[in-house]
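K.L.:
My structure file entry_25.tsv, TSV, C-alpha atoms and all ligand atoms, is below:
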chain	number	residue	atom	x	y	z
A	1	GLU	CA	22.87	-9.35	-69.23
A	2	SER	CA	20.59	-8.36	-72.09
A	3	ILE	CA	18.09	-5.53	-72.13
A	4	TRP	CA	14.97	-6.18	-74.17
A	5	ALA	CA	13.29	-3.50	-76.24
A	6	ILE	CA	9.61	-3.07	-76.97
A	7	LEU	CA	8.65	-0.74	-79.78
A	8	PRO	CA	4.95	0.06	-79.95
A	9	ALA	CA	4.22	0.69	-83.64
A	10	ALA	CA	0.54	-0.06	-83.88
A	11	GLY	CA	-0.81	3.49	-83.83
A	12	VAL	CA	-2.53	5.14	-86.77
A	13	GLY	CA	-1.00	8.58	-86.16
A	14	SER	CA	-4.09	10.53	-87.19
A	15	ARG	CA	-2.50	13.87	-86.24
A	16	MET	CA	-0.06	13.49	-89.13
A	17	GLN	CA	-2.90	13.74	-91.66
A	18	ALA	CA	-0.96	11.41	-93.94
A	19	ASP	CA	-2.07	8.53	-96.16
A	20	ARG	CA	-0.32	5.98	-93.93
A	21	PRO	CA	0.74	5.56	-90.29
A	22	LYS	CA	3.58	7.95	-89.46
A	23	GLN	CA	6.10	5.17	-88.75
A	24	TYR	CA	6.02	4.39	-92.47
A	25	LEU	CA	6.45	7.93	-93.78
A	26	PRO	CA	9.62	8.46	-95.81
A	27	LEU	CA	12.49	10.02	-93.89
A	28	LYS	CA	15.84	10.40	-95.66
A	29	GLY	CA	14.86	7.74	-98.17
A	30	ARG	CA	13.74	5.07	-95.69
A	31	PHE	CA	10.73	4.38	-93.54
A	32	LEU	CA	10.80	6.46	-90.35
A	33	LEU	CA	10.77	3.26	-88.28
A	34	ASP	CA	13.92	1.93	-89.94
A	35	HIS	CA	15.89	4.80	-88.37
A	36	THR	CA	14.47	4.01	-84.94
A	37	LEU	CA	15.13	0.28	-85.29
A	38	ASP	CA	18.71	0.93	-86.46
A	39	CYS	CA	19.46	2.92	-83.33
A	40	ILE	CA	17.92	0.31	-81.01
A	41	LEU	CA	19.35	-2.81	-82.66
A	42	SER	CA	22.87	-1.42	-83.03
A	43	TYR	CA	23.10	-0.68	-79.30
A	44	PRO	CA	25.28	-3.45	-77.88
A	45	ARG	CA	23.37	-4.04	-74.62
A	46	ILE	CA	20.01	-4.56	-76.34
A	47	GLY	CA	19.29	-8.20	-77.18
A	48	LYS	CA	16.04	-8.71	-78.98
A	49	ALA	CA	13.42	-6.12	-79.87
A	50	VAL	CA	9.68	-6.68	-80.06
A	51	VAL	CA	7.94	-4.59	-82.71
A	52	VAL	CA	4.24	-4.29	-81.96
A	53	LEU	CA	2.33	-3.94	-85.21
A	54	SER	CA	-1.30	-3.41	-85.99
A	55	GLU	CA	-3.12	-6.52	-87.13
A	56	SER	CA	-3.69	-5.09	-90.59
A	57	ASP	CA	-0.33	-3.58	-91.46
A	58	PRO	CA	0.52	-3.87	-95.15
A	59	TYR	CA	3.76	-1.84	-94.86
A	60	TRP	CA	5.94	-3.87	-92.47
A	61	PRO	CA	7.05	-6.45	-95.10
A	62	GLU	CA	8.67	-3.56	-96.99
A	63	SER	CA	10.73	-2.44	-94.00
A	64	GLU	CA	14.49	-3.01	-94.14
A	65	HIS	CA	14.09	-4.78	-90.80
A	66	ALA	CA	11.24	-7.11	-91.79
A	67	HIS	CA	13.49	-10.19	-91.60
A	68	HIS	CA	15.94	-9.05	-88.94
A	69	PRO	CA	16.93	-12.03	-86.76
A	70	ASP	CA	16.71	-10.07	-83.49
A	71	ILE	CA	13.16	-8.82	-84.03
A	72	LEU	CA	10.09	-10.50	-82.57
A	73	ARG	CA	6.64	-9.37	-83.55
A	74	ALA	CA	3.48	-8.83	-81.53
A	75	VAL	CA	0.02	-7.60	-82.46
A	76	GLY	CA	-1.14	-4.18	-81.23
A	77	GLY	CA	-4.13	-3.40	-79.05
A	78	ASN	CA	-6.70	-0.62	-78.89
A	79	GLU	CA	-4.52	1.69	-76.86
A	80	ARG	CA	-0.81	2.04	-76.53
A	81	CYS	CA	-0.75	0.33	-73.12
A	82	HIS	CA	-2.47	-2.75	-74.60
A	83	SER	CA	0.13	-2.79	-77.36
A	84	VAL	CA	2.97	-2.64	-74.82
A	85	LEU	CA	1.38	-5.41	-72.76
A	86	ASN	CA	1.13	-7.60	-75.87
A	87	GLY	CA	4.79	-6.85	-76.51
A	88	LEU	CA	5.65	-7.99	-72.98
A	89	HIS	CA	3.72	-11.22	-73.48
A	90	ALA	CA	5.80	-11.91	-76.60
A	91	LEU	CA	8.86	-11.98	-74.30
A	92	GLU	CA	7.44	-14.71	-72.08
A	93	GLY	CA	10.02	-17.45	-71.73
A	94	VAL	CA	12.62	-15.18	-73.37
A	95	ALA	CA	13.07	-12.52	-70.70
A	96	ASP	CA	13.65	-13.30	-67.02
A	97	GLU	CA	11.35	-11.62	-64.50
A	98	GLN	CA	14.12	-9.30	-63.29
A	99	ASP	CA	15.46	-8.37	-66.75
A	100	TRP	CA	15.23	-4.77	-67.88
A	101	VAL	CA	12.81	-3.87	-70.66
A	102	ALA	CA	13.10	-0.60	-72.56
A	103	VAL	CA	9.90	0.70	-74.16
A	104	HIS	CA	10.53	3.17	-76.96
A	105	ASP	CA	8.08	4.95	-79.26
A	106	ILE	CA	8.79	3.84	-82.79
A	107	ALA	CA	7.95	7.45	-83.74
A	108	ARG	CA	11.15	8.78	-82.06
A	109	PRO	CA	13.76	8.18	-84.78
A	110	CYS	CA	16.35	10.69	-83.48
A	111	LEU	CA	17.29	8.77	-80.33
A	112	GLN	CA	21.05	8.60	-79.78
A	113	HIS	CA	23.24	5.98	-78.10
A	114	SER	CA	24.65	8.61	-75.73
A	115	ASP	CA	21.15	8.98	-74.26
A	116	LEU	CA	20.85	5.20	-73.88
A	117	ASP	CA	24.20	5.23	-72.03
A	118	LEU	CA	22.89	7.86	-69.60
A	119	LEU	CA	19.57	6.09	-69.14
A	120	PHE	CA	21.02	2.64	-68.43
A	121	ALA	CA	23.65	4.12	-66.11
A	122	GLY	CA	20.94	5.90	-64.12
A	123	LEU	CA	18.48	3.07	-63.47
A	124	GLY	CA	17.04	3.11	-59.95
A	125	ASN	CA	15.06	0.34	-58.25
A	126	SER	CA	11.91	1.27	-60.18
A	127	GLY	CA	13.68	1.96	-63.45
A	128	ALA	CA	14.06	5.28	-65.24
A	129	ILE	CA	12.81	7.31	-68.17
A	130	LEU	CA	14.39	9.82	-70.49
A	131	ALA	CA	12.89	13.24	-69.92
A	132	SER	CA	13.60	16.82	-70.76
A	133	PRO	CA	13.17	19.76	-68.39
A	134	THR	CA	10.55	22.26	-69.59
A	135	ARG	CA	12.02	25.40	-71.13
A	136	ASP	CA	8.99	27.64	-71.30
A	137	THR	CA	7.16	29.28	-68.45
A	138	MET	CA	4.21	27.04	-67.65
A	139	LYS	CA	0.65	28.28	-66.99
A	140	ARG	CA	-2.37	26.51	-65.65
A	141	GLY	CA	-5.40	27.63	-67.68
A	142	VAL	CA	-8.96	27.85	-66.49
A	143	CYS	CA	-12.07	27.93	-68.72
A	144	GLN	CA	-14.32	30.95	-68.36
A	145	ALA	CA	-18.09	31.04	-68.78
A	146	ASP	CA	-17.74	32.77	-72.18
A	147	GLY	CA	-15.55	29.91	-73.46
A	148	SER	CA	-12.28	31.79	-73.28
A	149	VAL	CA	-9.35	30.48	-71.26
A	150	SER	CA	-7.47	32.63	-68.78
A	151	ILE	CA	-4.44	32.03	-66.59
A	152	GLU	CA	-5.17	30.59	-63.18
A	153	HIS	CA	-1.58	30.68	-62.09
A	154	THR	CA	1.99	30.09	-63.16
A	155	VAL	CA	3.21	26.57	-62.42
A	156	GLU	CA	6.67	26.09	-60.86
A	157	ARG	CA	8.76	25.13	-63.84
A	158	GLU	CA	11.74	23.74	-61.92
A	159	GLN	CA	9.89	20.51	-61.19
A	160	LEU	CA	8.28	19.95	-64.59
A	161	TRP	CA	9.67	17.58	-67.17
A	162	HIS	CA	8.53	16.27	-70.54
A	163	ALA	CA	8.33	12.47	-70.41
A	164	LEU	CA	10.18	10.97	-73.38
A	165	THR	CA	11.15	7.41	-74.25
A	166	PRO	CA	12.85	4.98	-73.80
A	167	GLN	CA	11.32	4.13	-70.46
A	168	VAL	CA	13.05	1.24	-68.69
A	169	PHE	CA	11.62	-1.10	-66.06
A	170	ARG	CA	12.01	-4.63	-64.77
A	171	TYR	CA	10.10	-7.06	-66.98
A	172	ARG	CA	7.83	-8.40	-64.27
A	173	GLU	CA	7.27	-5.08	-62.52
A	174	LEU	CA	6.15	-3.43	-65.76
A	175	ARG	CA	3.84	-6.28	-66.74
A	176	GLU	CA	2.20	-6.34	-63.30
A	177	ALA	CA	1.90	-2.55	-63.15
A	178	LEU	CA	0.19	-2.39	-66.56
A	179	GLU	CA	-2.19	-5.21	-65.64
A	180	LYS	CA	-3.05	-3.53	-62.35
A	181	ALA	CA	-3.60	-0.14	-64.00
A	182	LEU	CA	-5.95	-1.68	-66.58
A	183	ASN	CA	-7.82	-3.57	-63.84
A	184	ASP	CA	-8.17	-0.39	-61.78
A	185	GLY	CA	-9.39	1.65	-64.75
A	186	PHE	CA	-6.39	3.95	-64.29
A	187	GLU	CA	-5.54	6.02	-67.36
A	188	VAL	CA	-2.08	4.96	-68.52
A	189	THR	CA	-0.42	7.78	-70.45
A	190	ASP	CA	3.05	6.27	-70.47
A	191	GLU	CA	4.64	3.17	-68.90
A	192	ALA	CA	5.99	5.21	-65.98
A	193	SER	CA	2.46	6.32	-65.05
A	194	ALA	CA	1.49	2.67	-64.50
A	195	ILE	CA	4.60	2.08	-62.35
A	196	GLU	CA	3.80	5.23	-60.34
A	197	HIS	CA	0.22	4.03	-59.87
A	198	ALA	CA	1.62	0.79	-58.43
A	199	GLY	CA	3.77	2.78	-55.97
A	200	GLY	CA	7.10	2.85	-57.82
A	201	LYS	CA	9.28	5.93	-58.21
A	202	PRO	CA	11.12	5.76	-61.53
A	203	ARG	CA	14.02	8.17	-62.05
A	204	LEU	CA	14.04	11.08	-64.48
A	205	ILE	CA	17.15	11.13	-66.64
A	206	ALA	CA	17.73	14.36	-68.55
A	207	GLY	CA	17.93	13.43	-72.22
A	208	ARG	CA	18.43	15.33	-75.45
A	209	ALA	CA	15.66	17.66	-76.54
A	210	ASP	CA	16.00	16.50	-80.15
A	211	ASN	CA	14.60	13.06	-79.26
A	212	ILE	CA	11.25	14.23	-80.60
A	213	LYS	CA	8.16	12.16	-81.23
A	214	VAL	CA	7.07	12.73	-84.80
A	215	THR	CA	3.46	13.73	-84.28
A	216	ARG	CA	2.52	16.59	-86.59
A	217	PRO	CA	3.43	17.14	-90.25
A	218	GLU	CA	6.12	19.74	-89.48
A	219	ASP	CA	7.94	17.27	-87.21
A	220	LEU	CA	9.20	15.26	-90.20
A	221	ALA	CA	11.36	18.16	-91.39
A	222	LEU	CA	12.69	18.62	-87.86
A	223	ALA	CA	13.53	14.93	-87.57
A	224	GLU	CA	15.41	15.08	-90.86
A	225	LEU	CA	17.37	18.10	-89.67
A	226	PHE	CA	18.30	16.37	-86.39
A	227	LEU	CA	19.30	13.16	-88.16
A	228	ASN	CA	21.54	15.15	-90.55
A	229	GLN	CA	23.29	16.84	-87.63
A	230	ASN	CA	24.20	13.58	-85.93
B	301	LIG	O1	-0.11	8.36	-80.94
B	301	LIG	P1	1.20	8.46	-80.20
B	301	LIG	O2	2.21	9.24	-80.97
B	301	LIG	O3	1.08	8.92	-78.80
B	301	LIG	O4	1.74	6.96	-80.12
B	301	LIG	C1	2.96	6.67	-79.49
B	301	LIG	C2	3.46	5.32	-79.94
B	301	LIG	O5	2.56	4.28	-79.54
B	301	LIG	C3	3.58	5.22	-81.47
B	301	LIG	O6	4.83	4.63	-81.75
B	301	LIG	C4	2.38	4.38	-81.86
B	301	LIG	O7	2.60	3.62	-83.02
B	301	LIG	C5	2.19	3.49	-80.64
B	301	LIG	N1	0.81	2.99	-80.45
B	301	LIG	C6	0.57	1.60	-80.43
B	301	LIG	N2	-0.71	1.12	-80.25
B	301	LIG	C7	-1.74	1.96	-80.11
B	301	LIG	C8	-1.52	3.36	-80.12
B	301	LIG	C9	-0.22	3.84	-80.30
B	301	LIG	O8	1.50	0.80	-80.57
B	301	LIG	N3	-2.97	1.44	-79.95
Translate this file's structure into C-alpha cells.
Ligand code: C5P
P.N.:
Amino acid sequence: ESIWAILPAAGVGSRMQADRPKQYLPLKGRFLLDHTLDCILSYPRIGKAVVVLSESDPYWPESEHAHHPDILRAVGGNERCHSVLNGLHALEGVADEQDWVAVHDIARPCLQHSDLDLLFAGLGNSGAILASPTRDTMKRGVCQADGSVSIEHTVEREQLWHALTPQVFRYRELREALEKALNDGFEVTDEASAIEHAGGKPRLIAGRADNIKVTRPEDLALAELFLNQN
C-alpha cells in the first residue's frame, strides 16, 4: 500500500529576506527543495508526491526534480491550507479514500528516513504528526498598559510539543477536515489543527529536533550543518 506525499511549496517566505522563495535558495550546491524531495522520493513506502507550486514560479523548471516521473504538480492557494487542499485534489482518482497522505513542508530539508519509520509505525486512527517536546521553560506573557510584556504564569512544559511535519492522515479525512475548517472560518495553522477541529485526535510522535523549517536567514547555515552530519 502506497503513501502519498503532498509538499506545499507555494509560499513566498518573506521572513527570509531573500531575492527568491526560500525553497529555491542554494543549499550545498542545490536548491533547498531538491534535498527535501530526495528524502521523500527515496523512501520506499511513498508512491507519488504532489508538489504545490505558486502559479508564477519561474524556478521550478531548474529543479533537479522538474521531470521526475513520480511527481505531480498542483497550483498553490492564498494560504497554506488552500495549497494543501489543491494538492489533495490533484490526487483525485489516484489515491483511495482510506490511503494515507503525508503532508511535509518543502522548507524542511533535513528530514530523515528514521523519522518516517517512526511516524508510519505510530499511526493511530486519526493519523499522526512528527513533533518535538519543548526544551525551554515556557511562559505565558501578558501585555501591560505601558506596552511592556510581563509573565502571567509559567506553562506546564511536560505537555507542550512543537508541531513539525510530516503530518499523516487518511486522504478523505484530511480533505473533509480542511473543507470543514475553511467553511467554519476556523484558522488552520497545520493539517492536524483541521483534524482536531473535526474531532480527531492525531498522535504525537517524537521526532528529531534537527528537522527544522528553514524560516530565517540563519536557518540556512543550520540546515547545512545538519545535512553534513547525516
Ligand atoms: O511560511 P511557512 O514557512 O509557514 O510555510 C510552510 C510551507 O507552506 C512552505 O513550504 C511554504 O512554501 C508552504 N506554503 C504554501 N502556500 C502558501 C503558503 C505557504 O504552499 N500559500
K.L.:
If you take every atom of ligand LIG 301 (chain B) that the file lists and fit an axis-aligned box around them with 8 Å extra on each side, what centre and edge lengths come out in Å to one decimal, as JSON?
P.N.:
{"center_x": 0.9, "center_y": 5.0, "center_z": -80.9, "size_x": 23.8, "size_y": 24.4, "size_z": 20.2}
K.L.:
Find, counting all atoms listed in the file, the residue in A:Gly47, A:Gly76, A:Gly147, A:Gly13 that gets nearest to Glu1 in chain A.
P.N.:
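Answer, going by the shortest atom-to-atom distance: A:Gly47.
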K.L.:
Can you pull out the residues contacting range 123-139 of chain A? Cut-off 6 Å, using all atoms listed in the file, and skip same-chain residues under 3 positions away; I want them as number ranges by chain.
P.N.:
A: 120, 153-155, 160-165, 167-169, 200-207
K.L.:
Kindly compile the residues surrounding ligand LIG 301 (chain B) within 9 Å, counting only C-alpha atoms and all ligand atoms, and format them as a PyMOL selection string.
P.N.:
chain A and resi 7-15+21-23+33+51-54+75-84+104-108+189-190+213-215
K.L.:
Kindly export the residues of the current selection with C-alpha atoms, as a short mmCIF file (atom, residue, chain, number, x, y, z; two decimals), keeping the file's coordinate frame.
P.N.:
data_model
loop_
_atom_site.label_atom_id
_atom_site.label_comp_id
_atom_site.auth_asym_id
_atom_site.auth_seq_id
_atom_site.Cartn_x
_atom_site.Cartn_y
_atom_site.Cartn_z
CA LEU A 7 8.65 -0.74 -79.78
CA PRO A 8 4.95 0.06 -79.95
CA ALA A 9 4.22 0.69 -83.64
CA ALA A 10 0.54 -0.06 -83.88
CA GLY A 11 -0.81 3.49 -83.83
CA VAL A 12 -2.53 5.14 -86.77
CA GLY A 13 -1.00 8.58 -86.16
CA SER A 14 -4.09 10.53 -87.19
CA ARG A 15 -2.50 13.87 -86.24
CA PRO A 21 0.74 5.56 -90.29
CA LYS A 22 3.58 7.95 -89.46
CA GLN A 23 6.10 5.17 -88.75
CA LEU A 33 10.77 3.26 -88.28
CA VAL A 51 7.94 -4.59 -82.71
CA VAL A 52 4.24 -4.29 -81.96
CA LEU A 53 2.33 -3.94 -85.21
CA SER A 54 -1.30 -3.41 -85.99
CA VAL A 75 0.02 -7.60 -82.46
CA GLY A 76 -1.14 -4.18 -81.23
CA GLY A 77 -4.13 -3.40 -79.05
CA ASN A 78 -6.70 -0.62 -78.89
CA GLU A 79 -4.52 1.69 -76.86
CA ARG A 80 -0.81 2.04 -76.53
CA CYS A 81 -0.75 0.33 -73.12
CA HIS A 82 -2.47 -2.75 -74.60
CA SER A 83 0.13 -2.79 -77.36
CA VAL A 84 2.97 -2.64 -74.82
CA HIS A 104 10.53 3.17 -76.96
CA ASP A 105 8.08 4.95 -79.26
CA ILE A 106 8.79 3.84 -82.79
CA ALA A 107 7.95 7.45 -83.74
CA ARG A 108 11.15 8.78 -82.06
CA THR A 189 -0.42 7.78 -70.45
CA ASP A 190 3.05 6.27 -70.47
CA LYS A 213 8.16 12.16 -81.23
CA VAL A 214 7.07 12.73 -84.80
CA THR A 215 3.46 13.73 -84.28
#
K.L.:
Calculate how many Å separate CA of His65 in chain A from CA of Ile46 in chain A, rounding to one decimal.
P.N.:
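Result for CA of His65 in chain A versus CA of Ile46 in chain A: 15.6 Å, one decimal.
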K.L.:
Just give me the gap between CA of Arg208 in chain A and CA of Leu111 in chain A in Å, one decimal is fine.
P.N.:
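Distance reported for this atom pair: 8.3 Å.
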K.L.:
Step by step: start from the point (14.5, -10.6, -69.3) in the file's coordinates, keep every protein, DNA or RNA residue that has an atom no farther than 9 Å from it, count all atoms listed in the file, and write the set as a PyMOL selection string.
P.N.:
chain A and resi 1-4+91-101+170-172
K.L.:
Just checking: using all atoms listed in the file, which residue out of A:Ala223, A:Ala5, A:Leu174, A:Ile40 ends up closest to Ile195 in chain A?
P.N.:
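With all atoms listed in the file as the atom set, the closest residue is A:Leu174.
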K.L.:
Between CA of Pro26 in chain A and CA of Val50 in chain A, measure the distance and give it in Å to one decimal.
P.N.:
21.8 Å
K.L.:
Here is a test: counting all atoms listed in the file, which residue of A:Asn211, A:Thr36, A:Gln112, A:Ser193 is nearest to Leu178 in chain A?
P.N.:
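That would be A:Ser193, the residue with the smallest distance to Leu178 in chain A.
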K.L.:
Quick one: residues within 9 Å of range 218-220 of chain A, only C-alpha atoms, excluding same-chain residues fewer than 6 positions away - as a tab-separated table (two decimals) with C-alpha atoms, keeping the file's coordinate frame?
P.N.:
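Result file follows (part.tsv):
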chain	number	residue	atom	x	y	z
A	16	MET	CA	-0.06	13.49	-89.13
A	25	LEU	CA	6.45	7.93	-93.78
A	26	PRO	CA	9.62	8.46	-95.81
A	27	LEU	CA	12.49	10.02	-93.89
A	32	LEU	CA	10.80	6.46	-90.35
A	212	ILE	CA	11.25	14.23	-80.60
